[in-house]
file model19.cif (mmCIF, C-alpha atoms and all ligand atoms; chains and numbers go by the auth columns)
data_my_file
#
loop_
_atom_site.group_PDB
_atom_site.id
_atom_site.type_symbol
_atom_site.label_atom_id
_atom_site.label_comp_id
_atom_site.label_asym_id
_atom_site.label_seq_id
_atom_site.Cartn_x
_atom_site.Cartn_y
_atom_site.Cartn_z
_atom_site.B_iso_or_equiv
_atom_site.auth_seq_id
_atom_site.auth_asym_id
ATOM 1 C CA MET A 1 97.583 161.359 96.114 0.00 1 A
ATOM 2 C CA LYS A 2 98.268 158.293 93.987 0.00 2 A
ATOM 3 C CA VAL A 3 95.162 156.832 92.326 0.00 3 A
ATOM 4 C CA ARG A 4 95.034 153.469 90.616 0.00 4 A
ATOM 5 C CA VAL A 5 91.873 152.255 88.870 0.00 5 A
ATOM 6 C CA GLY A 6 90.774 148.845 87.685 0.00 6 A
ATOM 7 C CA GLY A 7 87.702 146.766 87.111 0.00 7 A
ATOM 8 C CA PRO A 8 85.416 145.895 84.212 0.00 8 A
ATOM 9 C CA GLY A 9 84.500 149.379 82.976 0.00 9 A
ATOM 10 C CA VAL A 10 87.955 150.893 82.998 0.00 10 A
ATOM 11 C CA PHE A 11 89.155 149.764 79.590 0.00 11 A
ATOM 12 C CA THR A 12 86.300 151.717 77.971 0.00 12 A
ATOM 13 C CA ARG A 13 87.223 154.914 79.818 0.00 13 A
ATOM 14 C CA LYS A 14 90.970 154.892 79.409 0.00 14 A
ATOM 15 C CA LYS A 15 91.224 158.198 77.601 0.00 15 A
ATOM 16 C CA PHE A 16 89.260 159.980 80.353 0.00 16 A
ATOM 17 C CA LEU A 17 91.213 158.418 83.202 0.00 17 A
ATOM 18 C CA ALA A 18 94.723 158.402 81.818 0.00 18 A
ATOM 19 C CA ASP A 19 95.540 161.929 83.053 0.00 19 A
ATOM 20 C CA VAL A 20 94.428 161.368 86.626 0.00 20 A
ATOM 21 C CA ALA A 21 95.123 157.741 87.465 0.00 21 A
ATOM 22 C CA GLU A 22 97.320 154.758 86.866 0.00 22 A
ATOM 23 C CA ILE A 23 95.251 152.251 84.927 0.00 23 A
ATOM 24 C CA GLY A 24 95.002 148.493 85.254 0.00 24 A
ATOM 25 C CA GLY A 25 97.674 146.008 86.228 0.00 25 A
ATOM 26 C CA ASP A 26 97.357 143.264 88.796 0.00 26 A
ATOM 27 C CA ILE A 27 97.155 143.530 92.566 0.00 27 A
ATOM 28 C CA PRO A 28 98.109 140.090 93.871 0.00 28 A
ATOM 29 C CA ASP A 29 95.246 138.350 95.701 0.00 29 A
ATOM 30 C CA ALA A 30 92.925 141.345 95.231 0.00 30 A
ATOM 31 C CA VAL A 31 89.939 138.968 95.230 0.00 31 A
ATOM 32 C CA ALA A 32 90.433 138.431 98.981 0.00 32 A
ATOM 33 C CA ARG A 33 89.616 142.127 99.565 0.00 33 A
ATOM 34 C CA HIS A 34 86.223 141.429 98.004 0.00 34 A
ATOM 35 C CA ASN A 35 85.688 138.099 99.742 0.00 35 A
ATOM 36 C CA PRO A 36 88.213 136.873 102.329 0.00 36 A
ATOM 37 C CA VAL A 37 87.367 133.203 101.670 0.00 37 A
ATOM 38 C CA ALA A 38 87.842 133.521 97.897 0.00 38 A
ATOM 39 C CA THR A 39 90.894 132.740 95.832 0.00 39 A
ATOM 40 C CA ILE A 40 91.923 132.371 92.206 0.00 40 A
ATOM 41 C CA ALA A 41 94.401 129.944 90.635 0.00 41 A
ATOM 42 C CA SER A 42 94.330 131.194 87.047 0.00 42 A
ATOM 43 C CA ARG A 43 93.387 134.246 85.034 0.00 43 A
ATOM 44 C CA GLY A 44 92.097 134.632 81.484 0.00 44 A
ATOM 45 C CA CYS A 45 90.138 132.270 79.273 0.00 45 A
ATOM 46 C CA PRO A 46 90.992 130.986 75.778 0.00 46 A
ATOM 47 C CA VAL A 47 87.385 130.590 74.601 0.00 47 A
ATOM 48 C CA GLY A 48 86.880 134.260 73.760 0.00 48 A
ATOM 49 C CA CYS A 49 83.078 134.605 73.927 0.00 49 A
ATOM 50 C CA TRP A 50 82.187 138.019 72.431 0.00 50 A
ATOM 51 C CA PHE A 51 79.774 138.889 75.270 0.00 51 A
ATOM 52 C CA CYS A 52 82.258 138.130 78.074 0.00 52 A
ATOM 53 C CA ILE A 53 84.609 140.589 79.693 0.00 53 A
ATOM 54 C CA VAL A 54 87.195 138.038 80.795 0.00 54 A
ATOM 55 C CA PRO A 55 89.231 137.788 77.560 0.00 55 A
ATOM 56 C CA LYS A 56 89.273 141.595 77.246 0.00 56 A
ATOM 57 C CA MET A 57 90.394 142.145 80.820 0.00 57 A
ATOM 58 C CA GLU A 58 92.568 139.124 81.489 0.00 58 A
ATOM 59 C CA GLY A 59 93.523 137.861 78.043 0.00 59 A
ATOM 60 C CA LYS A 60 92.811 134.845 75.847 0.00 60 A
ATOM 61 C CA ALA A 61 95.745 132.882 77.215 0.00 61 A
ATOM 62 C CA PHE A 62 95.630 131.442 80.699 0.00 62 A
ATOM 63 C CA THR A 63 97.939 132.912 83.322 0.00 63 A
ATOM 64 C CA LEU A 64 98.517 130.161 85.867 0.00 64 A
ATOM 65 C CA LEU A 65 99.021 131.069 89.523 0.00 65 A
ATOM 66 C CA PRO A 66 100.372 127.820 91.005 0.00 66 A
ATOM 67 C CA ASP A 67 101.135 129.314 94.428 0.00 67 A
ATOM 68 C CA PHE A 68 97.577 130.589 94.947 0.00 68 A
ATOM 69 C CA PRO A 69 96.326 130.742 98.546 0.00 69 A
ATOM 70 C CA VAL A 70 93.980 127.785 99.120 0.00 70 A
ATOM 71 C CA ARG A 71 90.532 128.998 100.215 0.00 71 A
ATOM 72 C CA PRO A 72 86.976 127.569 100.034 0.00 72 A
ATOM 73 C CA VAL A 73 85.702 129.705 97.129 0.00 73 A
ATOM 74 C CA LEU A 74 87.628 129.231 93.873 0.00 74 A
ATOM 75 C CA CYS A 75 86.919 131.972 91.324 0.00 75 A
ATOM 76 C CA ASP A 76 88.764 130.800 88.181 0.00 76 A
ATOM 77 C CA ASN A 77 86.915 131.637 84.959 0.00 77 A
ATOM 78 C CA ASN A 78 87.049 128.256 83.258 0.00 78 A
ATOM 79 C CA LEU A 79 88.392 125.330 85.278 0.00 79 A
ATOM 80 C CA SER A 80 87.653 122.652 82.690 0.00 80 A
ATOM 81 C CA ALA A 81 89.753 124.328 79.969 0.00 81 A
ATOM 82 C CA LEU A 82 92.855 124.537 82.165 0.00 82 A
ATOM 83 C CA PRO A 83 95.666 122.080 81.336 0.00 83 A
ATOM 84 C CA ALA A 84 94.845 118.737 82.973 0.00 84 A
ATOM 85 C CA ASP A 85 98.041 118.721 85.016 0.00 85 A
ATOM 86 C CA PHE A 86 97.232 122.179 86.400 0.00 86 A
ATOM 87 C CA GLN A 87 93.721 121.054 87.355 0.00 87 A
ATOM 88 C CA ASP A 88 95.387 118.150 89.183 0.00 88 A
ATOM 89 C CA HIS A 89 97.753 120.615 90.863 0.00 89 A
ATOM 90 C CA ILE A 90 94.860 122.744 92.159 0.00 90 A
ATOM 91 C CA ILE A 91 93.047 119.693 93.505 0.00 91 A
ATOM 92 C CA ALA A 92 96.214 118.371 95.157 0.00 92 A
ATOM 93 C CA ARG A 93 96.755 121.714 96.904 0.00 93 A
ATOM 94 C CA TYR A 94 93.214 121.603 98.352 0.00 94 A
ATOM 95 C CA GLN A 95 93.718 118.022 99.512 0.00 95 A
ATOM 96 C CA ALA A 96 97.107 118.765 101.040 0.00 96 A
ATOM 97 C CA ALA A 97 95.776 121.827 102.857 0.00 97 A
ATOM 98 C CA GLY A 98 92.634 120.043 104.078 0.00 98 A
ATOM 99 C CA VAL A 99 90.548 122.997 102.868 0.00 99 A
ATOM 100 C CA PRO A 100 87.057 122.144 101.543 0.00 100 A
ATOM 101 C CA LEU A 101 86.151 123.482 98.109 0.00 101 A
ATOM 102 C CA LEU A 102 82.708 124.859 98.887 0.00 102 A
ATOM 103 C CA ASP A 103 82.199 126.689 95.608 0.00 103 A
ATOM 104 C CA ALA A 104 83.933 126.520 92.231 0.00 104 A
ATOM 105 C CA ASN A 105 82.444 129.908 91.596 0.00 105 A
ATOM 106 C CA SER A 106 82.828 130.537 87.879 0.00 106 A
ATOM 107 C CA GLY A 107 82.844 126.883 87.115 0.00 107 A
ATOM 108 C CA PHE A 108 83.171 124.777 84.039 0.00 108 A
ATOM 109 C CA GLU A 109 82.609 125.272 80.315 0.00 109 A
ATOM 110 C CA PRO A 110 80.429 122.695 78.517 0.00 110 A
ATOM 111 C CA ARG A 111 82.798 122.084 75.575 0.00 111 A
ATOM 112 C CA THR A 112 85.548 120.875 77.908 0.00 112 A
ATOM 113 C CA PHE A 113 83.488 119.648 80.893 0.00 113 A
ATOM 114 C CA ASP A 114 83.813 115.941 80.095 0.00 114 A
ATOM 115 C CA ASP A 115 83.900 112.712 82.091 0.00 115 A
ATOM 116 C CA ASP A 116 87.583 113.126 82.996 0.00 116 A
ATOM 117 C CA VAL A 117 87.045 116.656 84.304 0.00 117 A
ATOM 118 C CA TYR A 118 83.966 115.577 86.272 0.00 118 A
ATOM 119 C CA ALA A 119 85.782 112.631 87.870 0.00 119 A
ATOM 120 C CA ARG A 120 88.758 114.835 88.733 0.00 120 A
ATOM 121 C CA TRP A 121 86.758 117.603 90.471 0.00 121 A
ATOM 122 C CA GLN A 122 84.254 115.256 92.102 0.00 122 A
ATOM 123 C CA ALA A 123 87.053 114.406 94.534 0.00 123 A
ATOM 124 C CA ILE A 124 86.890 117.847 96.151 0.00 124 A
ATOM 125 C CA ASN A 125 83.892 119.825 94.907 0.00 125 A
ATOM 126 C CA ARG A 126 81.309 120.146 97.651 0.00 126 A
ATOM 127 C CA GLY A 127 79.414 122.954 95.960 0.00 127 A
ATOM 128 C CA PRO A 128 77.207 123.211 92.884 0.00 128 A
ATOM 129 C CA TRP A 129 78.362 122.309 89.377 0.00 129 A
ATOM 130 C CA ARG A 130 78.245 125.635 87.571 0.00 130 A
ATOM 131 C CA PHE A 131 78.305 125.935 83.794 0.00 131 A
ATOM 132 C CA ALA A 132 76.633 128.034 81.114 0.00 132 A
ATOM 133 C CA TYR A 133 74.384 127.494 78.130 0.00 133 A
ATOM 134 C CA ASP A 134 75.179 130.699 76.264 0.00 134 A
ATOM 135 C CA ASP A 135 74.119 130.046 72.685 0.00 135 A
ATOM 136 C CA ALA A 136 72.638 127.449 70.349 0.00 136 A
ATOM 137 C CA ALA A 137 76.082 126.261 69.268 0.00 137 A
ATOM 138 C CA GLU A 138 76.607 124.860 72.771 0.00 138 A
ATOM 139 C CA ARG A 139 73.497 122.623 72.564 0.00 139 A
ATOM 140 C CA PRO A 140 75.261 119.246 72.053 0.00 140 A
ATOM 141 C CA TYR A 141 77.833 119.995 74.740 0.00 141 A
ATOM 142 C CA VAL A 142 75.283 121.131 77.327 0.00 142 A
ATOM 143 C CA GLU A 143 73.068 118.151 76.606 0.00 143 A
ATOM 144 C CA ARG A 144 76.053 115.830 77.138 0.00 144 A
ATOM 145 C CA VAL A 145 76.905 117.534 80.436 0.00 145 A
ATOM 146 C CA MET A 146 73.300 117.331 81.621 0.00 146 A
ATOM 147 C CA HIS A 147 73.296 113.589 80.943 0.00 147 A
ATOM 148 C CA MET A 148 76.650 113.255 82.705 0.00 148 A
ATOM 149 C CA LEU A 149 75.156 114.983 85.770 0.00 149 A
ATOM 150 C CA ALA A 150 71.883 113.069 85.618 0.00 150 A
ATOM 151 C CA ASP A 151 72.285 111.780 89.188 0.00 151 A
ATOM 152 C CA VAL A 152 73.058 115.232 90.603 0.00 152 A
ATOM 153 C CA SER A 153 70.083 117.050 92.127 0.00 153 A
ATOM 154 C CA PRO A 154 68.755 120.015 90.089 0.00 154 A
ATOM 155 C CA ARG A 155 69.821 122.412 92.852 0.00 155 A
ATOM 156 C CA ARG A 156 73.452 121.292 92.545 0.00 156 A
ATOM 157 C CA LYS A 157 73.410 121.929 88.777 0.00 157 A
ATOM 158 C CA ARG A 158 73.645 125.671 88.115 0.00 158 A
ATOM 159 C CA VAL A 159 73.033 126.173 84.422 0.00 159 A
ATOM 160 C CA TYR A 160 73.445 129.839 83.504 0.00 160 A
ATOM 161 C CA VAL A 161 71.387 130.706 80.440 0.00 161 A
ATOM 162 C CA LEU A 162 72.278 133.945 78.674 0.00 162 A
ATOM 163 C CA ILE A 163 69.275 135.607 77.012 0.00 163 A
ATOM 164 C CA GLY A 164 69.107 138.545 74.641 0.00 164 A
ATOM 165 C CA ASN A 165 72.240 137.508 72.721 0.00 165 A
ATOM 166 C CA GLU A 166 70.078 135.510 70.305 0.00 166 A
ATOM 167 C CA PRO A 167 66.479 136.057 69.144 0.00 167 A
ATOM 168 C CA PHE A 168 63.694 135.458 71.671 0.00 168 A
ATOM 169 C CA ALA A 169 62.643 132.032 70.343 0.00 169 A
ATOM 170 C CA ALA A 170 66.212 130.686 70.384 0.00 170 A
ATOM 171 C CA CYS A 171 66.756 131.844 73.983 0.00 171 A
ATOM 172 C CA MET A 172 63.433 130.386 75.129 0.00 172 A
ATOM 173 C CA ASP A 173 64.409 127.076 73.492 0.00 173 A
ATOM 174 C CA ARG A 174 67.581 126.981 75.595 0.00 174 A
ATOM 175 C CA ILE A 175 65.638 127.702 78.810 0.00 175 A
ATOM 176 C CA ARG A 176 63.092 124.953 78.042 0.00 176 A
ATOM 177 C CA GLU A 177 65.840 122.481 77.153 0.00 177 A
ATOM 178 C CA VAL A 178 67.561 122.987 80.514 0.00 178 A
ATOM 179 C CA ILE A 179 64.255 122.216 82.230 0.00 179 A
ATOM 180 C CA ALA A 180 63.608 119.202 79.970 0.00 180 A
ATOM 181 C CA TRP A 181 67.093 117.836 80.724 0.00 181 A
ATOM 182 C CA GLY A 182 66.366 117.916 84.468 0.00 182 A
ATOM 183 C CA GLY A 183 67.914 121.249 85.435 0.00 183 A
ATOM 184 C CA GLU A 184 66.838 124.626 86.751 0.00 184 A
ATOM 185 C CA PRO A 185 67.787 127.580 84.523 0.00 185 A
ATOM 186 C CA HIS A 186 69.615 130.567 85.993 0.00 186 A
ATOM 187 C CA VAL A 187 68.868 133.212 83.422 0.00 187 A
ATOM 188 C CA GLN A 188 71.084 136.240 82.858 0.00 188 A
ATOM 189 C CA PRO A 189 70.007 138.959 80.406 0.00 189 A
ATOM 190 C CA PHE A 190 72.683 140.279 78.089 0.00 190 A
ATOM 191 C CA MET A 191 74.280 143.561 79.181 0.00 191 A
ATOM 192 C CA LYS A 192 76.719 145.671 77.220 0.00 192 A
ATOM 193 C CA LEU A 193 80.281 145.289 78.466 0.00 193 A
ATOM 194 C CA ASN A 194 80.676 149.045 78.828 0.00 194 A
ATOM 195 C CA SER A 195 77.321 149.609 80.520 0.00 195 A
ATOM 196 C CA LEU A 196 77.530 152.031 83.429 0.00 196 A
ATOM 197 C CA GLU A 197 74.349 150.688 85.024 0.00 197 A
ATOM 198 C CA ARG A 198 72.886 147.225 85.486 0.00 198 A
ATOM 199 C CA ARG A 199 70.393 147.384 82.651 0.00 199 A
ATOM 200 C CA PRO A 200 69.728 144.572 80.179 0.00 200 A
ATOM 201 C CA HIS A 201 70.518 145.542 76.607 0.00 201 A
ATOM 202 C CA PRO A 202 67.896 144.471 74.036 0.00 202 A
ATOM 203 C CA ARG A 203 68.956 143.132 70.632 0.00 203 A
ATOM 204 C CA PHE A 204 67.050 141.274 67.914 0.00 204 A
ATOM 205 C CA ASP A 205 63.317 141.070 68.790 0.00 205 A
ATOM 206 C CA TRP A 206 63.823 141.676 72.524 0.00 206 A
ATOM 207 C CA ASN A 207 62.965 144.757 74.551 0.00 207 A
ATOM 208 C CA GLU A 208 64.273 145.602 78.009 0.00 208 A
ATOM 209 C CA GLN A 209 61.050 144.694 79.818 0.00 209 A
ATOM 210 C CA LEU A 210 60.816 141.369 78.015 0.00 210 A
ATOM 211 C CA LEU A 211 64.362 140.527 79.095 0.00 211 A
ATOM 212 C CA ARG A 212 63.446 141.328 82.705 0.00 212 A
ATOM 213 C CA ASP A 213 60.180 139.377 82.536 0.00 213 A
ATOM 214 C CA VAL A 214 61.767 136.228 81.110 0.00 214 A
ATOM 215 C CA ALA A 215 64.541 136.390 83.720 0.00 215 A
ATOM 216 C CA ARG A 216 62.073 136.742 86.551 0.00 216 A
ATOM 217 C CA TRP A 217 59.888 133.923 85.247 0.00 217 A
ATOM 218 C CA ALA A 218 62.759 131.529 84.549 0.00 218 A
ATOM 219 C CA ASN A 219 64.664 132.226 87.770 0.00 219 A
ATOM 220 C CA SER A 220 61.685 131.228 89.926 0.00 220 A
ATOM 221 C CA PRO A 221 60.937 127.482 89.769 0.00 221 A
ATOM 222 C CA ALA A 222 57.736 128.175 91.711 0.00 222 A
ATOM 223 C CA ILE A 223 56.577 130.297 88.771 0.00 223 A
ATOM 224 C CA TRP A 224 57.723 128.301 85.712 0.00 224 A
ATOM 225 C CA ARG A 225 56.550 124.987 87.173 0.00 225 A
ATOM 226 C CA LYS A 226 53.000 126.329 87.398 0.00 226 A
ATOM 227 C CA THR A 227 52.809 128.812 84.545 0.00 227 A
ATOM 228 C CA PRO A 228 54.174 128.766 80.990 0.00 228 A
ATOM 229 C CA PHE A 229 55.778 132.052 79.982 0.00 229 A
ATOM 230 C CA SER A 230 52.971 132.708 77.490 0.00 230 A
ATOM 231 C CA ASP A 231 50.539 132.889 80.455 0.00 231 A
ATOM 232 C CA TYR A 232 52.910 134.721 82.809 0.00 232 A
ATOM 233 C CA ARG A 233 51.692 138.149 83.869 0.00 233 A
ATOM 234 C CA ARG A 234 54.064 140.382 85.734 0.00 234 A
ATOM 235 C CA SER A 235 52.476 142.000 88.762 0.00 235 A
ATOM 236 C CA ALA A 236 53.118 145.609 89.626 0.00 236 A
ATOM 237 C CA LYS A 237 53.780 144.443 93.193 0.00 237 A
ATOM 238 C CA THR A 238 56.437 141.950 92.198 0.00 238 A
ATOM 239 C CA ARG A 239 59.035 143.990 90.420 0.00 239 A
ATOM 240 C CA GLU A 240 62.259 142.198 89.679 0.00 240 A
ATOM 241 C CA ARG A 241 65.399 143.009 91.600 0.00 241 A
ATOM 242 C CA TYR A 242 69.022 142.557 90.657 0.00 242 A
ATOM 243 C CA ASP A 243 70.893 140.124 92.902 0.00 243 A
ATOM 244 C CA GLU A 244 74.491 141.312 93.208 0.00 244 A
ATOM 245 C CA GLN A 245 75.701 137.914 94.431 0.00 245 A
ATOM 246 C CA THR A 246 74.305 135.839 91.585 0.00 246 A
ATOM 247 C CA GLY A 247 74.353 138.502 88.896 0.00 247 A
ATOM 248 C CA MET A 248 70.757 137.696 88.061 0.00 248 A
ATOM 249 C CA PHE A 249 67.403 139.413 87.924 0.00 249 A
ATOM 250 C CA ALA A 250 64.948 137.613 90.174 0.00 250 A
HETATM 251 S S1 LIG B . 84.041 130.382 78.393 0.00 1 B
HETATM 252 FE FE1 LIG B . 83.206 131.632 80.050 0.00 1 B
HETATM 253 S S2 LIG B . 84.974 132.799 80.879 0.00 1 B
HETATM 254 FE FE2 LIG B . 85.573 131.987 78.869 0.00 1 B
HETATM 255 S S3 LIG B . 85.167 133.674 77.442 0.00 1 B
HETATM 256 FE FE3 LIG B . 83.332 132.330 77.440 0.00 1 B
HETATM 257 S S4 LIG B . 81.957 133.184 78.994 0.00 1 B
HETATM 258 FE FE4 LIG B . 83.999 134.088 79.331 0.00 1 B
#
call {"tool": "encode", "arguments": {"input": "model19.cif", "output": "structure tokens"}}
result
Amino acid sequence: MKVRVGGPGVFTRKKFLADVAEIGGDIPDAVARHNPVATIASRGCPVGCWFCIVPKMEGKAFTLLPDFPVRPVLCDNNLSALPADFQDHIIARYQAAGVPLLDANSGFEPRTFDDDVYARWQAINRGPWRFAYDDAAERPYVERVMHMLADVSPRRKRVYVLIGNEPFAACMDRIREVIAWGGEPHVQPFMKLNSLERRPHPRFDWNEQLLRDVARWANSPAIWRKTPFSDYRRSAKTRERYDEQTGMFA
């Protein structure tokens, strides 16, 4: 039997798998096996965030896939950092095919998500505007993007806030800023890239339960609108769950 393995955890287990399986490589259009309405027009990301698996798996240089099948869910890692002419190419393919872009699933990166990028993708994006606020260094860029999207409803602005990668106070500042700028935070606790289970990994002054509690509080507008985190009390009946689709604890 021929066995081929891939996926996020494989590069940390190479020495155990090398004798029994062929490791890595690309299967064209594999994303469609996961979701038949999904597609991808580029791989990799040049930003190189230390907590992200994309550069390690797919490289720090973009691989462009100009002949990608046009489908409603576009899963590229960082659309705004792609060369402008390739962004135009993707949009033109959607328009020519008459396929609606219902979700730019991994979205845009605040440093490069500027007015030109917004105007370009507004032509076809019918889904939410997804971007991340991962650390304090991104503050001026995220604030600019939030002002740029001021007329977009909070539900169409998906601001992913990574917590646990900086001390507690710095992460809470980022959550509160997203709310103050008119957004709804979508909080994701930091996990180790080689984790074999979906467990937050505490660093700095965090602990695992605190990571889960902040995520649950911040991912529920009905909770944070009524109760500041300092008054939030987790109930034994309302344990958090991990949502596989959003990658968040809720
Ligand atoms: S910008 Fe996004 S996709 Fe690129 S390395 Fe950072 S987290 Fe990963």
call {"tool": "resolve_selection", "arguments": {"input": "model19.cif", "expression": "the PyMOL selection byres (((chain A and resi 135) around 8) and not hetatm)", "output": "ChimeraX atom specification"}}
result
/A:133-134,136-139,162,165-166,171,174
call {"tool": "residues_near_ligand", "arguments": {"input": "model19.cif", "ligand": "ligand LIG 1 (chain B)", "cutoff": "7 Å", "atoms": "only C-alpha atoms and all ligand atoms", "output": "list in words"}}
result
Cys45, Pro46, Val47, Gly48, Cys49, Cys52, Ile53, Val54, Pro55, Asn77, Asn78 and Glu109 of chain A
call {"tool": "resolve_selection", "arguments": {"input": "model19.cif", "expression": "the PyMOL selection byres (((chain A and resi 93-99) around 7) and not hetatm)", "output": "count of residues only"}}
result
9
call {"tool": "residues_around", "arguments": {"input": "model19.cif", "residues": "Arg111 of chain A", "least_positions_apart": "5", "cutoff": "10 Å", "atoms": "only C-alpha atoms", "output": "ChimeraX atom specification"}}
result
/A:47,80-81,138-142,144-145
call {"tool": "residues_near_point", "arguments": {"input": "model19.cif", "point": "(76.9, 144.1, 77.7)", "cutoff": "12 Å", "atoms": "all atoms listed in the file", "output": "PDB file with C-alpha atoms, in the frame of the given file"}}
result
ATOM      1  CA  PRO A   8      85.416 145.895  84.212  1.00  0.00           C
ATOM      2  CA  GLY A   9      84.500 149.379  82.976  1.00  0.00           C
ATOM      3  CA  CYS A  49      83.078 134.605  73.927  1.00  0.00           C
ATOM      4  CA  TRP A  50      82.187 138.019  72.431  1.00  0.00           C
ATOM      5  CA  PHE A  51      79.774 138.889  75.270  1.00  0.00           C
ATOM      6  CA  CYS A  52      82.258 138.130  78.074  1.00  0.00           C
ATOM      7  CA  ILE A  53      84.609 140.589  79.693  1.00  0.00           C
ATOM      8  CA  LEU A 162      72.278 133.945  78.674  1.00  0.00           C
ATOM      9  CA  ILE A 163      69.275 135.607  77.012  1.00  0.00           C
ATOM     10  CA  GLY A 164      69.107 138.545  74.641  1.00  0.00           C
ATOM     11  CA  ASN A 165      72.240 137.508  72.721  1.00  0.00           C
ATOM     12  CA  GLN A 188      71.084 136.240  82.858  1.00  0.00           C
ATOM     13  CA  PRO A 189      70.007 138.959  80.406  1.00  0.00           C
ATOM     14  CA  PHE A 190      72.683 140.279  78.089  1.00  0.00           C
ATOM     15  CA  MET A 191      74.280 143.561  79.181  1.00  0.00           C
ATOM     16  CA  LYS A 192      76.719 145.671  77.220  1.00  0.00           C
ATOM     17  CA  LEU A 193      80.281 145.289  78.466  1.00  0.00           C
ATOM     18  CA  ASN A 194      80.676 149.045  78.828  1.00  0.00           C
ATOM     19  CA  SER A 195      77.321 149.609  80.520  1.00  0.00           C
ATOM     20  CA  LEU A 196      77.530 152.031  83.429  1.00  0.00           C
ATOM     21  CA  GLU A 197      74.349 150.688  85.024  1.00  0.00           C
ATOM     22  CA  ARG A 198      72.886 147.225  85.486  1.00  0.00           C
ATOM     23  CA  ARG A 199      70.393 147.384  82.651  1.00  0.00           C
ATOM     24  CA  PRO A 200      69.728 144.572  80.179  1.00  0.00           C
ATOM     25  CA  HIS A 201      70.518 145.542  76.607  1.00  0.00           C
ATOM     26  CA  PRO A 202      67.896 144.471  74.036  1.00  0.00           C
ATOM     27  CA  ARG A 203      68.956 143.132  70.632  1.00  0.00           C
TER      28      ARG A 203
END
call {"tool": "residues_around", "arguments": {"input": "model19.cif", "residues": "segment 221-229 of chain A", "least_positions_apart": "2", "cutoff": "10 Å", "atoms": "all atoms listed in the file", "output": "PDB file with C-alpha atoms, in the frame of the given file"}}
result
ATOM      1  CA  MET A 172      63.433 130.386  75.129  1.00  0.00           C
ATOM      2  CA  ARG A 176      63.092 124.953  78.042  1.00  0.00           C
ATOM      3  CA  ILE A 179      64.255 122.216  82.230  1.00  0.00           C
ATOM      4  CA  GLU A 184      66.838 124.626  86.751  1.00  0.00           C
ATOM      5  CA  PRO A 185      67.787 127.580  84.523  1.00  0.00           C
ATOM      6  CA  HIS A 186      69.615 130.567  85.993  1.00  0.00           C
ATOM      7  CA  ASP A 213      60.180 139.377  82.536  1.00  0.00           C
ATOM      8  CA  VAL A 214      61.767 136.228  81.110  1.00  0.00           C
ATOM      9  CA  ARG A 216      62.073 136.742  86.551  1.00  0.00           C
ATOM     10  CA  TRP A 217      59.888 133.923  85.247  1.00  0.00           C
ATOM     11  CA  ALA A 218      62.759 131.529  84.549  1.00  0.00           C
ATOM     12  CA  ASN A 219      64.664 132.226  87.770  1.00  0.00           C
ATOM     13  CA  ASP A 231      50.539 132.889  80.455  1.00  0.00           C
ATOM     14  CA  TYR A 232      52.910 134.721  82.809  1.00  0.00           C
ATOM     15  CA  ARG A 233      51.692 138.149  83.869  1.00  0.00           C
TER      16      ARG A 233
END
call {"tool": "atom_distance", "arguments": {"input": "model19.cif", "atom1": "atom CA of Tyr118 of chain A", "atom2": "atom CA of Gly59 of chain A"}}
result
25.6 Å
call {"tool": "resolve_selection", "arguments": {"input": "model19.cif", "expression": "the PyMOL selection byres (((chain A and resi 129) around 10) and not hetatm)", "output": "PyMOL selection string"}}
result
chain A and resi 103-108+118+121-122+125-128+130-131+149+152+154-159
call {"tool": "closest_residue", "arguments": {"input": "model19.cif", "among": "A:Glu58, A:Asp173, A:Asp115, A:Glu22", "to": "Asp76 of chain A", "atoms": "all atoms listed in the file"}}
result
A:Glu58
call {"tool": "closest_residue", "arguments": {"input": "model19.cif", "among": "A:Pro110, A:Pro167, A:Gly182, A:Gly44", "to": "Asn207 of chain A", "atoms": "only C-alpha atoms"}}
result
A:Pro167
call {"tool": "axis_aligned_box", "arguments": {"input": "model19.cif", "around": "segment 67-82 of chain A", "padding_each_side": "5 Å", "output": "lines of an AutoDock Vina configuration file"}}
result
center_x = 93.4
center_y = 127.3
center_z = 90.1
size_x = 25.4
size_y = 19.3
size_z = 30.2
call {"tool": "closest_residue", "arguments": {"input": "model19.cif", "among": "A:Ile40, A:Ala84, A:Val31, A:Leu102", "to": "Thr63 of chain A", "atoms": "only C-alpha atoms"}}
result
A:Ile40
call {"tool": "atom_distance", "arguments": {"input": "model19.cif", "atom1": "atom CA of Met57 of chain A", "atom2": "atom CA of Thr39 of chain A"}}
result
17.7 Å
call {"tool": "closest_residue", "arguments": {"input": "model19.cif", "among": "A:Pro66, A:Gly7, A:Lys14, A:Val73", "to": "Asn35 of chain A", "atoms": "only C-alpha atoms"}}
result
A:Val73
